[in-house]
>>> print(open('upload-v1.txt').read())   # compact mmCIF, N, CA and C atoms
# COMPACT_ATOMS: atom_id res chain seq x y z
N MET Q 1 -3.07 -12.35 -3.36
CA MET Q 1 -2.97 -10.97 -2.94
C MET Q 1 -2.38 -10.15 -4.09
N THR Q 2 -2.77 -8.91 -4.12
CA THR Q 2 -2.30 -8.00 -5.16
C THR Q 2 -1.60 -6.84 -4.49
N ARG Q 3 -0.49 -6.43 -5.06
CA ARG Q 3 0.28 -5.32 -4.52
C ARG Q 3 -0.06 -4.04 -5.26
N ILE Q 4 -0.27 -2.99 -4.48
CA ILE Q 4 -0.42 -1.63 -5.01
C ILE Q 4 0.85 -0.90 -4.62
N VAL Q 5 1.46 -0.22 -5.56
CA VAL Q 5 2.74 0.43 -5.28
C VAL Q 5 2.67 1.91 -5.61
N ARG Q 6 3.32 2.70 -4.77
CA ARG Q 6 3.45 4.14 -5.02
C ARG Q 6 4.79 4.35 -5.70
N THR Q 7 4.75 4.87 -6.92
CA THR Q 7 5.96 5.15 -7.67
C THR Q 7 6.09 6.66 -7.86
N ASP Q 8 7.13 7.07 -8.52
CA ASP Q 8 7.31 8.50 -8.81
C ASP Q 8 6.21 9.05 -9.70
N THR Q 9 5.58 8.18 -10.48
CA THR Q 9 4.54 8.61 -11.42
C THR Q 9 3.12 8.41 -10.88
N GLY Q 10 2.99 7.85 -9.67
CA GLY Q 10 1.67 7.65 -9.07
C GLY Q 10 1.48 6.21 -8.61
N LEU Q 11 0.25 5.87 -8.29
CA LEU Q 11 -0.06 4.52 -7.82
C LEU Q 11 -0.27 3.59 -9.01
N GLN Q 12 0.18 2.35 -8.83
CA GLN Q 12 0.02 1.34 -9.87
C GLN Q 12 -0.34 0.01 -9.24
N ILE Q 13 -1.08 -0.80 -9.97
CA ILE Q 13 -1.32 -2.18 -9.57
C ILE Q 13 -0.11 -2.97 -10.05
N ASP Q 14 0.57 -3.60 -9.11
CA ASP Q 14 1.81 -4.31 -9.41
C ASP Q 14 1.54 -5.81 -9.46
N THR Q 15 1.14 -6.30 -10.61
CA THR Q 15 0.82 -7.72 -10.74
C THR Q 15 2.06 -8.60 -10.63
N SER Q 16 3.23 -8.06 -10.92
CA SER Q 16 4.46 -8.86 -10.82
C SER Q 16 4.99 -8.89 -9.39
N GLY Q 17 4.61 -7.90 -8.58
CA GLY Q 17 5.12 -7.82 -7.22
C GLY Q 17 6.57 -7.37 -7.14
N LYS Q 18 7.08 -6.81 -8.23
CA LYS Q 18 8.50 -6.48 -8.29
C LYS Q 18 8.80 -5.00 -8.56
N LEU Q 19 7.76 -4.18 -8.73
CA LEU Q 19 8.02 -2.77 -9.00
C LEU Q 19 8.64 -2.11 -7.77
N PRO Q 20 9.59 -1.21 -7.97
CA PRO Q 20 10.18 -0.51 -6.83
C PRO Q 20 9.20 0.54 -6.30
N GLY Q 21 9.26 0.77 -5.03
CA GLY Q 21 8.42 1.79 -4.41
C GLY Q 21 7.70 1.24 -3.19
N ARG Q 22 7.08 2.14 -2.46
CA ARG Q 22 6.32 1.76 -1.26
C ARG Q 22 5.08 0.99 -1.70
N GLY Q 23 4.85 -0.16 -1.11
CA GLY Q 23 3.73 -0.99 -1.53
C GLY Q 23 2.82 -1.41 -0.40
N ALA Q 24 1.65 -1.84 -0.77
CA ALA Q 24 0.67 -2.40 0.16
C ALA Q 24 -0.03 -3.55 -0.56
N TYR Q 25 -0.33 -4.58 0.20
CA TYR Q 25 -0.99 -5.76 -0.37
C TYR Q 25 -2.46 -5.79 0.02
N LEU Q 26 -3.29 -6.16 -0.95
CA LEU Q 26 -4.72 -6.32 -0.72
C LEU Q 26 -5.14 -7.71 -1.14
N HIS Q 27 -6.05 -8.31 -0.37
CA HIS Q 27 -6.64 -9.59 -0.77
C HIS Q 27 -7.38 -9.40 -2.09
N ASN Q 28 -7.48 -10.43 -2.84
CA ASN Q 28 -8.18 -10.37 -4.13
C ASN Q 28 -9.68 -10.56 -3.95
N LEU Q 29 -10.25 -9.72 -3.10
CA LEU Q 29 -11.69 -9.71 -2.85
C LEU Q 29 -12.21 -8.30 -2.99
N LYS Q 30 -13.34 -8.17 -3.64
CA LYS Q 30 -13.93 -6.86 -3.86
C LYS Q 30 -14.12 -6.10 -2.54
N SER Q 31 -14.58 -6.79 -1.51
CA SER Q 31 -14.84 -6.13 -0.22
C SER Q 31 -13.57 -5.57 0.41
N CYS Q 32 -12.46 -6.24 0.25
CA CYS Q 32 -11.18 -5.75 0.80
C CYS Q 32 -10.76 -4.47 0.08
N TRP Q 33 -10.93 -4.45 -1.23
CA TRP Q 33 -10.56 -3.28 -2.01
C TRP Q 33 -11.45 -2.10 -1.67
N GLN Q 34 -12.75 -2.36 -1.52
CA GLN Q 34 -13.68 -1.28 -1.18
C GLN Q 34 -13.33 -0.69 0.18
N ALA Q 35 -13.01 -1.53 1.14
CA ALA Q 35 -12.63 -1.05 2.47
C ALA Q 35 -11.33 -0.25 2.41
N ALA Q 36 -10.36 -0.75 1.65
CA ALA Q 36 -9.06 -0.07 1.55
C ALA Q 36 -9.20 1.31 0.90
N LEU Q 37 -10.09 1.44 -0.06
CA LEU Q 37 -10.26 2.71 -0.75
C LEU Q 37 -10.96 3.77 0.10
N LYS Q 38 -11.46 3.37 1.25
CA LYS Q 38 -12.08 4.34 2.16
C LYS Q 38 -11.05 5.12 2.96
N GLY Q 39 -9.77 4.81 2.81
CA GLY Q 39 -8.74 5.59 3.47
C GLY Q 39 -7.53 4.80 3.92
N LYS Q 40 -7.69 3.51 4.18
CA LYS Q 40 -6.57 2.73 4.68
C LYS Q 40 -5.45 2.57 3.67
N LEU Q 41 -5.80 2.46 2.40
CA LEU Q 41 -4.77 2.31 1.37
C LEU Q 41 -3.94 3.57 1.26
N ALA Q 42 -4.59 4.71 1.22
CA ALA Q 42 -3.86 5.98 1.14
C ALA Q 42 -2.94 6.15 2.34
N HIS Q 43 -3.42 5.77 3.51
CA HIS Q 43 -2.61 5.87 4.72
C HIS Q 43 -1.40 4.93 4.64
N ALA Q 44 -1.62 3.70 4.21
CA ALA Q 44 -0.53 2.72 4.12
C ALA Q 44 0.54 3.15 3.12
N LEU Q 45 0.10 3.77 2.03
CA LEU Q 45 1.05 4.18 0.99
C LEU Q 45 1.58 5.60 1.21
N LYS Q 46 1.05 6.27 2.23
CA LYS Q 46 1.43 7.66 2.51
C LYS Q 46 1.29 8.50 1.25
N ALA Q 47 0.09 8.40 0.64
CA ALA Q 47 -0.18 9.11 -0.61
C ALA Q 47 -1.65 9.45 -0.69
N GLU Q 48 -1.95 10.51 -1.42
CA GLU Q 48 -3.33 10.83 -1.71
C GLU Q 48 -3.73 10.08 -2.98
N ILE Q 49 -4.99 9.66 -3.04
CA ILE Q 49 -5.46 8.95 -4.22
C ILE Q 49 -6.35 9.89 -5.01
N ASP Q 50 -5.87 10.30 -6.18
CA ASP Q 50 -6.65 11.24 -7.00
C ASP Q 50 -7.80 10.50 -7.69
N LEU Q 51 -8.69 11.26 -8.28
CA LEU Q 51 -9.91 10.70 -8.88
C LEU Q 51 -9.60 9.70 -9.99
N THR Q 52 -8.63 9.99 -10.83
CA THR Q 52 -8.28 9.08 -11.93
C THR Q 52 -7.77 7.75 -11.39
N THR Q 53 -6.91 7.81 -10.39
CA THR Q 53 -6.36 6.58 -9.79
C THR Q 53 -7.45 5.82 -9.06
N ARG Q 54 -8.29 6.53 -8.31
CA ARG Q 54 -9.39 5.88 -7.60
C ARG Q 54 -10.29 5.12 -8.58
N THR Q 55 -10.59 5.75 -9.71
CA THR Q 55 -11.43 5.11 -10.72
C THR Q 55 -10.77 3.85 -11.25
N MET Q 56 -9.47 3.91 -11.52
CA MET Q 56 -8.73 2.75 -12.02
C MET Q 56 -8.76 1.62 -10.99
N LEU Q 57 -8.57 1.93 -9.72
CA LEU Q 57 -8.58 0.92 -8.67
C LEU Q 57 -9.98 0.33 -8.48
N GLU Q 58 -11.00 1.18 -8.55
CA GLU Q 58 -12.38 0.70 -8.43
C GLU Q 58 -12.75 -0.22 -9.59
N GLU Q 59 -12.31 0.13 -10.79
CA GLU Q 59 -12.59 -0.72 -11.95
C GLU Q 59 -11.90 -2.08 -11.80
N TYR Q 60 -10.69 -2.08 -11.30
CA TYR Q 60 -9.99 -3.35 -11.07
C TYR Q 60 -10.74 -4.17 -10.02
N ALA Q 61 -11.19 -3.52 -8.95
CA ALA Q 61 -11.91 -4.21 -7.88
C ALA Q 61 -13.20 -4.85 -8.38
N GLU Q 62 -13.83 -4.23 -9.37
CA GLU Q 62 -15.08 -4.77 -9.91
C GLU Q 62 -14.87 -6.14 -10.56
N SER Q 63 -13.65 -6.42 -11.00
CA SER Q 63 -13.36 -7.71 -11.64
C SER Q 63 -13.08 -8.82 -10.63
N LEU Q 64 -13.02 -8.47 -9.35
CA LEU Q 64 -12.69 -9.43 -8.31
C LEU Q 64 -13.94 -10.08 -7.74
N PRO Q 65 -13.80 -11.29 -7.19
CA PRO Q 65 -14.96 -11.96 -6.60
C PRO Q 65 -15.40 -11.29 -5.30
N GLU Q 66 -16.67 -11.50 -4.95
CA GLU Q 66 -17.23 -10.96 -3.71
C GLU Q 66 -16.71 -11.70 -2.49
N SER Q 67 -16.50 -13.01 -2.62
CA SER Q 67 -16.09 -13.82 -1.48
C SER Q 67 -14.93 -14.74 -1.90
N PRO Q 68 -14.27 -15.35 -0.92
CA PRO Q 68 -13.14 -16.22 -1.25
C PRO Q 68 -13.52 -17.43 -2.08
N HIS Q 69 -14.79 -17.76 -2.10
CA HIS Q 69 -15.24 -18.93 -2.85
C HIS Q 69 -15.82 -18.57 -4.20
N GLY Q 70 -15.71 -17.29 -4.58
CA GLY Q 70 -16.18 -16.85 -5.88
C GLY Q 70 -17.69 -16.72 -6.00
N GLU Q 71 -18.36 -16.62 -4.87
CA GLU Q 71 -19.83 -16.54 -4.88
C GLU Q 71 -20.29 -15.13 -5.16
>>> encode(input="upload-v1.txt", output="structure tokens")
Amino acid sequence: MTRIVRTDTGLQIDTSGKLPGRGAYLHNLKSCWQAALKGKLAHALKAEIDLTTRTMLEEYAESLPESPHGE
């Protein structure tokens, strides 16, 4: 799982899991990230996702596998 955290400077992918701030965890699957970006992530973090951040998160999601078995 990967943590996304809302900090004073915006949303960040927290690979260490230790950044301070409100966080949400997503499975490391492209489909989970795509679903979360439709609104659930913004709701969980109580934040709006601007275009630059959305692009960064979408690019990260593209590097993830489609299924748990890497298919």
>>> select_by_dssp(input="upload-v1.txt", residues="range 3-63 of chain Q", states="helix (DSSP H, G or I)", output="ChimeraX atom specification")
/Q:30-45,51-62
>>> atom_distance(input="upload-v1.txt", atom1="CA of Ala24 in chain Q", atom2="CA of Glu48 in chain Q")
13.9 Å
>>> closest_residue(input="upload-v1.txt", among="Q:Ala42, Q:Leu51, Q:Met56, Q:Leu19", to="Val5 in chain Q", atoms="only N, CA and C atoms")
Q:Leu19
>>> atom_distance(input="upload-v1.txt", atom1="CA of Ala44 in chain Q", atom2="CA of Gly17 in chain Q")
16.5 Å
>>> atom_distance(input="upload-v1.txt", atom1="atom C of Asp50 in chain Q", atom2="CA of Lys18 in chain Q")
23.5 Å
>>> select_by_dssp(input="upload-v1.txt", residues="chain Q", states="strand (DSSP E or B)", output="VMD selection string")
chain Q and resid 2 to 7 10 to 14 22 to 26
>>> residues_around(input="upload-v1.txt", residues="Leu29 in chain Q", least_positions_apart="3", cutoff="8 Å", atoms="only C-alpha atoms", output="PyMOL selection string")
chain Q and resi 32-33+61+64-68
>>> closest_residue(input="upload-v1.txt", among="Q:Glu62, Q:Thr52, Q:His43, Q:Asp14", to="Lys30 in chain Q", atoms="only N, CA and C atoms")
Q:Glu62
>>> residues_around(input="upload-v1.txt", residues="Leu45 in chain Q", least_positions_apart="6", cutoff="8 Å", atoms="all atoms listed in the file", output="list in words")
Ile4, Val5, Arg6, Arg22, Gly23, Ala24 and Gly39 of chain Q
>>> write_last_selection(input="upload-v1.txt", atoms="N, CA and C atoms", output="PDB file, in the frame of the given file")
ATOM      1  N   ILE Q   4      -0.270  -2.990  -4.480  1.00  0.00           N
ATOM      2  CA  ILE Q   4      -0.420  -1.630  -5.010  1.00  0.00           C
ATOM      3  C   ILE Q   4       0.850  -0.900  -4.620  1.00  0.00           C
ATOM      4  N   VAL Q   5       1.460  -0.220  -5.560  1.00  0.00           N
ATOM      5  CA  VAL Q   5       2.740   0.430  -5.280  1.00  0.00           C
ATOM      6  C   VAL Q   5       2.670   1.910  -5.610  1.00  0.00           C
ATOM      7  N   ARG Q   6       3.320   2.700  -4.770  1.00  0.00           N
ATOM      8  CA  ARG Q   6       3.450   4.140  -5.020  1.00  0.00           C
ATOM      9  C   ARG Q   6       4.790   4.350  -5.700  1.00  0.00           C
ATOM     10  N   ARG Q  22       7.080   2.140  -2.460  1.00  0.00           N
ATOM     11  CA  ARG Q  22       6.320   1.760  -1.260  1.00  0.00           C
ATOM     12  C   ARG Q  22       5.080   0.990  -1.700  1.00  0.00           C
ATOM     13  N   GLY Q  23       4.850  -0.160  -1.110  1.00  0.00           N
ATOM     14  CA  GLY Q  23       3.730  -0.990  -1.530  1.00  0.00           C
ATOM     15  C   GLY Q  23       2.820  -1.410  -0.400  1.00  0.00           C
ATOM     16  N   ALA Q  24       1.650  -1.840  -0.770  1.00  0.00           N
ATOM     17  CA  ALA Q  24       0.670  -2.400   0.160  1.00  0.00           C
ATOM     18  C   ALA Q  24      -0.030  -3.550  -0.560  1.00  0.00           C
ATOM     19  N   GLY Q  39      -9.770   4.810   2.810  1.00  0.00           N
ATOM     20  CA  GLY Q  39      -8.740   5.590   3.470  1.00  0.00           C
ATOM     21  C   GLY Q  39      -7.530   4.800   3.920  1.00  0.00           C
TER      22      GLY Q  39
END
>>> residues_near_point(input="upload-v1.txt", point="(-2.7, -12.9, -0.4)", cutoff="7 Å", atoms="only C-alpha atoms", output="list in words")
Met1, Thr2, Leu26 and His27 of chain Q
>>> axis_aligned_box(input="upload-v1.txt", around="range 51-60 of chain Q", padding_each_side="3 Å", output="AutoDock Vina command-line options")
--center_x -9.6 --center_y 3.5 --center_z -9.8 --size_x 12.4 --size_y 21.4 --size_z 10.4
